[in-house]
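Asker: Mind looking over this structure? Questions follow.
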Amino acid sequence: MDIQLIRIDDRLIHGQVVIGWAGYLKTKQIILCEDSVAQNEWEKELYLSIVPENIKAKIMTTAELAEYLRDSHLGLEKTIILVNSPRIIEKLIQLGAPIDKVNVGGIHFKDGRKKLLNYLYVNEDEIASFKRCIDKGVEFDCQDVPLCKRTPLRKLIQ
Amino acid sequence: MSKKNYFTAIITHGDLAKCMEDVSKHLIVSSTKIFYYSNKKLTLEEIENEIAKEREHYQPEKTVFFVDLVGGSCWILANRIKQNSPDIAVIGGVNMPMLVSYHLNYNRLAWNALLDKIISDAKKGIVKRL
């Protein structure tokens with residue numbers, strides 16, 4: 001499988017992804033990985049309805065995506081994978097998914113989160129989760145849209 | 001102002017919602033108050049909370065959300081508020097002709113006819129001359 005981008009974005013599928021990244025990378029497939037969305041027909045339909053016709057879209061649970069990533073012969077298309085939190089990346093790794101690079105595209109303000117970048121706010125639990133992933137060899141680069149500056153997350157959470 | 005009690009909001013990326021509301025006020029006498037929300041100034045959660053508070057206060061019979069980009073985060077937010085409510089309409093691709101038409105026809109047309117009319121006028125406002 002040709003994975004173009006594994007992205008953390010708490011808005012999941014939205015304009016920056018389908019217009020920004022998918023257009024820039026000429027993506028053929030988007031996989032949204034979030035258990036609560038995968039188990040909710042209404043949410044699934046909403047997210048699938050906003051993906052352009054020329055791009056395939058799938059919604060998977062964390063367990064399903066981990067299996068999919070382990071069996072990389074299952075698909076050969078240019079793919080963007082979306083999750084909404086570093087904890088999902090951590091869980092995917094625990095389930096054996098081979099992940100070495102992750103784009104951090106957006107985690108927005110909520111009480112208890114501190115600002116690292118205009119599009120990146122994190123709380124202590126999220127920082128700890130990022131650090132555990134880094135210790136396992138994952139490289140996180142912060143970049144909301146394709147032509148903006150890329151900032152290594154490591155520098156921001158030292 | 002009208003006796004109709006429709007809650008009207010523009011939700012957009014950046015400052016577009018405020019600009020559109022400002023421009024429409026200079027073009028035409030407003031028929032109703034239009035609330036505007038920017039995903040630049042507020043998080044989606046804050047927008048959702050503010051809208052919930054306003055709707056609780058006004059108890060509207062109908063609600064319409066104008067959104068700039070179908071598929072954008074504002075679109076997702078508006079649809080999440082709507083869920084399955086038939087009294088809430090979400091309209092994507094808002095433009096100035098749509099807003100002008102909304103003010104012009106707000107008091108004149110019933111709900112469904114109003115929504116059809118403003119979409120039709122918005123499309124008519126897009127013209128190609130070569």
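So you can find residues: chains in the structure tokens are A, B, ... in the order shown, residues in each start at 1, and ligands are numbered from 1 in order.
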Give me, as a ChimeraX atom specification, the contact residues of chain A against chain B at a cut-off of 6 Å, counting only C-alpha atoms.
Answerer: /A:14-15,50
Asker: Taking C-alpha atoms for each residue, export the selection above as a JSON list (two decimals), in the first residue's frame.
Answerer:
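Resulting contents of again_22.json:
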[["chain", "number", "residue", "atom", "x", "y", "z"],
["A", 14, "HIS", "CA", -12.38, 18.50, 6.00],
["A", 15, "GLY", "CA", -11.23, 21.07, 3.46],
["A", 50, "ILE", "CA", -17.82, 15.05, 1.72]]
Asker: Hey, what's within 10 Å of Leu16 of chain B if we count only C-alpha atoms and toss same-chain stuff fewer than 4 positions away? As number ranges by chain, please?
Answerer: B: 10-12, 20-22, 36-40, 68
Asker: Could the residues in this selection be written to a file with N, CA and C atoms, as a short mmCIF file (atom, residue, chain, number, x, y, z; two decimals), in the first residue's frame?
Answerer:
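What ended up in part.cif:
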data_model
loop_
_atom_site.label_atom_id
_atom_site.label_comp_id
_atom_site.auth_asym_id
_atom_site.auth_seq_id
_atom_site.Cartn_x
_atom_site.Cartn_y
_atom_site.Cartn_z
N ILE B 10 -24.35 32.53 9.68
CA ILE B 10 -23.33 32.23 8.66
C ILE B 10 -22.13 31.68 9.42
N ILE B 11 -21.65 30.52 9.00
CA ILE B 11 -20.47 29.92 9.65
C ILE B 11 -19.43 29.70 8.55
N THR B 12 -18.29 30.33 8.70
CA THR B 12 -17.29 30.21 7.63
C THR B 12 -15.87 30.09 8.16
N MET B 20 -19.26 39.04 4.93
CA MET B 20 -20.49 38.87 4.14
C MET B 20 -21.66 39.57 4.81
N GLU B 21 -21.73 39.44 6.13
CA GLU B 21 -22.82 40.07 6.86
C GLU B 21 -22.70 41.60 6.76
N ASP B 22 -21.47 42.13 6.89
CA ASP B 22 -21.24 43.57 6.79
C ASP B 22 -21.65 44.09 5.41
N TYR B 36 -23.10 35.60 12.93
CA TYR B 36 -21.99 35.08 12.13
C TYR B 36 -20.92 34.51 13.05
N TYR B 37 -20.29 33.46 12.56
CA TYR B 37 -19.28 32.74 13.35
C TYR B 37 -18.10 32.40 12.45
N SER B 38 -16.92 32.62 13.00
CA SER B 38 -15.69 32.34 12.25
C SER B 38 -14.92 31.23 12.93
N ASN B 39 -14.45 30.27 12.17
CA ASN B 39 -13.65 29.21 12.79
C ASN B 39 -12.23 29.69 13.07
N LYS B 40 -11.96 30.96 12.72
CA LYS B 40 -10.65 31.55 13.06
C LYS B 40 -10.70 32.11 14.49
N ASP B 68 -19.72 28.27 4.03
CA ASP B 68 -18.99 28.62 2.80
C ASP B 68 -18.64 27.40 1.96
#
Asker: Identify, with DSSP run on backbone atoms, the residues in segment 1-90 of chain A assigned to helix (DSSP H, G or I), and express the list as an MDAnalysis selection string.
Answerer: chainID A and resid 15:25 35:38 41:49 62:70 72:74 86:90
Asker: Could you work out how far atom CA of Thr32 of chain B lies from atom CA of Lys124 of chain B, giving the answer in Å with one decimal?
Answerer: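 So the answer is 22.9 Å.
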Asker: So how many Å separate atom CA of Val67 of chain B and atom CA of Val94 of chain B, to one decimal?
Answerer: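 Atom-to-atom, atom CA of Val67 of chain B and atom CA of Val94 of chain B are spaced 5.9 Å apart.
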Asker: Would you list the contacts of Gln39 of chain A as an NGL selection string, taking every protein, DNA or RNA residue within 10 Å and counting only C-alpha atoms, but skipping same-chain residues closer than 4 positions in sequence?
Answerer: :A and (34-35 or 43-44 or 59-61)
Asker: Measuring between only C-alpha atoms, which one of B:Ala78, B:Val64, B:Ser30, B:Val100 shows the shortest distance to Glu48 of chain B?
Answerer: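 Closest to Glu48 of chain B of all the choices is B:Ala78.
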Asker: Any idea what's packed within 12 Å of Leu65 of chain A, counting only C-alpha atoms, ignoring anything in its chain fewer than 6 positions away? Could you give it as a VMD selection string?
Answerer: chain A and resid 6 31 to 35 38 58 to 59 71 to 72 74 81 to 83 88 to 89 91 to 93 95 to 99
Asker: Go ahead and write the residues just picked, C-alpha atoms, as a PDB file, in the first residue's frame.
Answerer:
ATOM      1  CA  ILE A   6      -0.676   9.472   8.196  1.00  0.00           C
ATOM      2  CA  ILE A  31      -9.029   6.165   5.358  1.00  0.00           C
ATOM      3  CA  LEU A  32     -10.583   7.703   8.449  1.00  0.00           C
ATOM      4  CA  CYS A  33      -9.739   5.756  11.591  1.00  0.00           C
ATOM      5  CA  GLU A  34     -11.894   6.512  14.604  1.00  0.00           C
ATOM      6  CA  ASP A  35     -13.845   3.922  16.563  1.00  0.00           C
ATOM      7  CA  ALA A  38     -16.952   3.684  12.604  1.00  0.00           C
ATOM      8  CA  LYS A  58     -13.140   4.054   4.053  1.00  0.00           C
ATOM      9  CA  ILE A  59     -13.924   4.379   7.721  1.00  0.00           C
ATOM     10  CA  ASP A  71      -1.300  -6.718   5.598  1.00  0.00           C
ATOM     11  CA  SER A  72      -0.013  -4.065   3.243  1.00  0.00           C
ATOM     12  CA  LEU A  74      -4.462  -5.441   0.620  1.00  0.00           C
ATOM     13  CA  ILE A  81      -4.863   7.976   6.774  1.00  0.00           C
ATOM     14  CA  LEU A  82      -6.590  10.261   9.267  1.00  0.00           C
ATOM     15  CA  VAL A  83      -6.806   9.929  13.028  1.00  0.00           C
ATOM     16  CA  ILE A  88      -4.736   6.338  18.125  1.00  0.00           C
ATOM     17  CA  ILE A  89      -1.219   6.261  16.685  1.00  0.00           C
ATOM     18  CA  LYS A  91      -2.770   2.097  19.844  1.00  0.00           C
ATOM     19  CA  LEU A  92      -2.048   1.276  16.195  1.00  0.00           C
ATOM     20  CA  ILE A  93       1.618   0.714  17.056  1.00  0.00           C
ATOM     21  CA  LEU A  95      -1.475  -3.532  17.593  1.00  0.00           C
ATOM     22  CA  GLY A  96       1.520  -4.069  15.333  1.00  0.00           C
ATOM     23  CA  ALA A  97       0.984  -1.442  12.652  1.00  0.00           C
ATOM     24  CA  PRO A  98       4.253  -0.309  11.103  1.00  0.00           C
ATOM     25  CA  ILE A  99       4.259   3.493  11.512  1.00  0.00           C
TER      26      ILE A  99
END
Asker: Mind pulling up the distance from atom CA of Gly106 of chain A to atom CA of Arg70 of chain A?
Answerer: 26.0 Å
Asker: Ser129 of chain A: which residues within 12 Å, counting only C-alpha atoms, same-chain residues fewer than 3 positions away excluded, as a PyMOL selection string?
Answerer: chain A and resi 85-91+93+122-126+132-136+138+140+157
Asker: As an MDAnalysis selection string, please: every residue in chain B that a backbone DSSP assignment puts in strand (DSSP E or B).
Answerer: chainID B and resid 6:12 34:38 62:67 88:92
Asker: Please produce a file of the residues just selected, as a JSON list (two decimals), in the first residue's frame, where the atoms kept are N, CA and C atoms.
Answerer:
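Written file, out.json:
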[["chain", "number", "residue", "atom", "x", "y", "z"],
["B", 6, "TYR", "N", -37.02, 32.86, 12.65],
["B", 6, "TYR", "CA", -36.02, 31.95, 12.09],
["B", 6, "TYR", "C", -34.66, 32.35, 12.65],
["B", 7, "PHE", "N", -33.89, 31.37, 13.08],
["B", 7, "PHE", "CA", -32.52, 31.66, 13.51],
["B", 7, "PHE", "C", -31.61, 31.50, 12.30],
["B", 8, "THR", "N", -30.86, 32.55, 11.99],
["B", 8, "THR", "CA", -30.04, 32.56, 10.77],
["B", 8, "THR", "C", -28.58, 32.78, 11.16],
["B", 9, "ALA", "N", -27.72, 31.91, 10.67],
["B", 9, "ALA", "CA", -26.29, 32.07, 11.00],
["B", 9, "ALA", "C", -25.43, 31.77, 9.79],
["B", 10, "ILE", "N", -24.35, 32.53, 9.68],
["B", 10, "ILE", "CA", -23.33, 32.23, 8.66],
["B", 10, "ILE", "C", -22.13, 31.68, 9.42],
["B", 11, "ILE", "N", -21.65, 30.52, 9.00],
["B", 11, "ILE", "CA", -20.47, 29.92, 9.65],
["B", 11, "ILE", "C", -19.43, 29.70, 8.55],
["B", 12, "THR", "N", -18.29, 30.33, 8.70],
["B", 12, "THR", "CA", -17.29, 30.21, 7.63],
["B", 12, "THR", "C", -15.87, 30.09, 8.16],
["B", 34, "ILE", "N", -28.75, 38.38, 11.42],
["B", 34, "ILE", "CA", -27.95, 37.23, 11.01],
["B", 34, "ILE", "C", -26.75, 37.12, 11.95],
["B", 35, "PHE", "N", -26.61, 35.99, 12.58],
["B", 35, "PHE", "CA", -25.46, 35.74, 13.44],
["B", 35, "PHE", "C", -24.31, 35.25, 12.56],
["B", 36, "TYR", "N", -23.10, 35.60, 12.93],
["B", 36, "TYR", "CA", -21.99, 35.08, 12.13],
["B", 36, "TYR", "C", -20.92, 34.51, 13.05],
["B", 37, "TYR", "N", -20.29, 33.46, 12.56],
["B", 37, "TYR", "CA", -19.28, 32.74, 13.35],
["B", 37, "TYR", "C", -18.10, 32.40, 12.45],
["B", 38, "SER", "N", -16.92, 32.62, 13.00],
["B", 38, "SER", "CA", -15.69, 32.34, 12.25],
["B", 38, "SER", "C", -14.92, 31.23, 12.93],
["B", 62, "LYS", "N", -37.60, 27.78, 12.94],
["B", 62, "LYS", "CA", -36.73, 27.20, 11.92],
["B", 62, "LYS", "C", -35.33, 27.79, 12.11],
["B", 63, "THR", "N", -34.34, 27.04, 11.62],
["B", 63, "THR", "CA", -32.96, 27.52, 11.68],
["B", 63, "THR", "C", -32.30, 27.27, 10.33],
["B", 64, "VAL", "N", -31.53, 28.25, 9.89],
["B", 64, "VAL", "CA", -30.74, 28.00, 8.68],
["B", 64, "VAL", "C", -29.29, 28.37, 8.94],
["B", 65, "PHE", "N", -28.40, 27.45, 8.57],
["B", 65, "PHE", "CA", -26.97, 27.71, 8.65],
["B", 65, "PHE", "C", -26.43, 27.88, 7.24],
["B", 66, "PHE", "N", -25.86, 29.03, 6.96],
["B", 66, "PHE", "CA", -25.17, 29.25, 5.70],
["B", 66, "PHE", "C", -23.69, 28.93, 5.94],
["B", 67, "VAL", "N", -23.14, 28.11, 5.08],
["B", 67, "VAL", "CA", -21.75, 27.67, 5.24],
["B", 67, "VAL", "C", -21.01, 27.93, 3.94],
["B", 88, "ILE", "N", -34.05, 22.37, 10.79],
["B", 88, "ILE", "CA", -32.77, 23.03, 10.57],
["B", 88, "ILE", "C", -32.32, 22.73, 9.15],
["B", 89, "ALA", "N", -31.93, 23.80, 8.43],
["B", 89, "ALA", "CA", -31.40, 23.61, 7.07],
["B", 89, "ALA", "C", -29.95, 24.04, 7.05],
["B", 90, "VAL", "N", -29.14, 23.29, 6.35],
["B", 90, "VAL", "CA", -27.74, 23.67, 6.15],
["B", 90, "VAL", "C", -27.55, 23.93, 4.66],
["B", 91, "ILE", "N", -27.05, 25.11, 4.33],
["B", 91, "ILE", "CA", -26.87, 25.45, 2.92],
["B", 91, "ILE", "C", -25.40, 25.77, 2.68],
["B", 92, "GLY", "N", -24.79, 25.02, 1.79],
["B", 92, "GLY", "CA", -23.37, 25.23, 1.49],
["B", 92, "GLY", "C", -23.21, 26.14, 0.29]]
Asker: For Val29 of chain B, which of B:His103, B:Arg108, B:Lys117, B:Lys128 is the closest residue, counting only C-alpha atoms?
Answerer: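 Closest residue, counting only C-alpha atoms: B:His103.
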Asker: Counting only C-alpha atoms, which residues in segment 54-134 of chain A sit no more than 10 Å from segment 21-28 of chain A? For each one, give the nearest pair of atoms and the distance in Å, sorted by chain then residue number, as a Markdown table.
Answerer:
| residue | atom | partner | partner_atom | distance |
| --- | --- | --- | --- | --- |
| A:Asn54 | CA | A:Lys28 | CA | 7.2 |
| A:Ile55 | CA | A:Lys28 | CA | 4.9 |
| A:Lys56 | CA | A:Lys28 | CA | 6.2 |
| A:Ala57 | CA | A:Lys28 | CA | 8.7 |
| A:Leu76 | CA | A:Lys28 | CA | 9.7 |
| A:Glu77 | CA | A:Lys28 | CA | 6.0 |
| A:Lys78 | CA | A:Lys28 | CA | 5.1 |
| A:Thr79 | CA | A:Thr27 | CA | 5.9 |
| A:Ile80 | CA | A:Thr27 | CA | 7.0 |
Asker: For the selection just defined, write its residues with N, CA and C atoms to a file, as a compact mmCIF listing (two decimals), in the first residue's frame.
Answerer:
# COMPACT_ATOMS: atom_id res chain seq x y z
N ASN A 54 -13.83 11.33 -6.99
CA ASN A 54 -12.64 10.69 -7.57
C ASN A 54 -11.71 10.07 -6.50
N ILE A 55 -12.12 10.17 -5.25
CA ILE A 55 -11.31 9.58 -4.17
C ILE A 55 -12.16 8.56 -3.42
N LYS A 56 -11.59 7.37 -3.23
CA LYS A 56 -12.30 6.35 -2.43
C LYS A 56 -12.15 6.70 -0.96
N ALA A 57 -13.13 6.32 -0.17
CA ALA A 57 -13.02 6.60 1.27
C ALA A 57 -13.49 5.39 2.07
N LEU A 76 -3.17 -0.99 -2.99
CA LEU A 76 -1.97 -0.44 -3.60
C LEU A 76 -2.16 1.02 -4.01
N GLU A 77 -3.19 1.65 -3.45
CA GLU A 77 -3.47 2.99 -3.92
C GLU A 77 -2.88 4.06 -3.04
N LYS A 78 -2.70 5.22 -3.61
CA LYS A 78 -2.14 6.35 -2.85
C LYS A 78 -3.14 6.75 -1.77
N THR A 79 -2.72 6.65 -0.52
CA THR A 79 -3.68 6.74 0.59
C THR A 79 -3.26 7.76 1.65
N ILE A 80 -4.26 8.51 2.12
CA ILE A 80 -4.09 9.35 3.31
C ILE A 80 -4.86 8.69 4.44
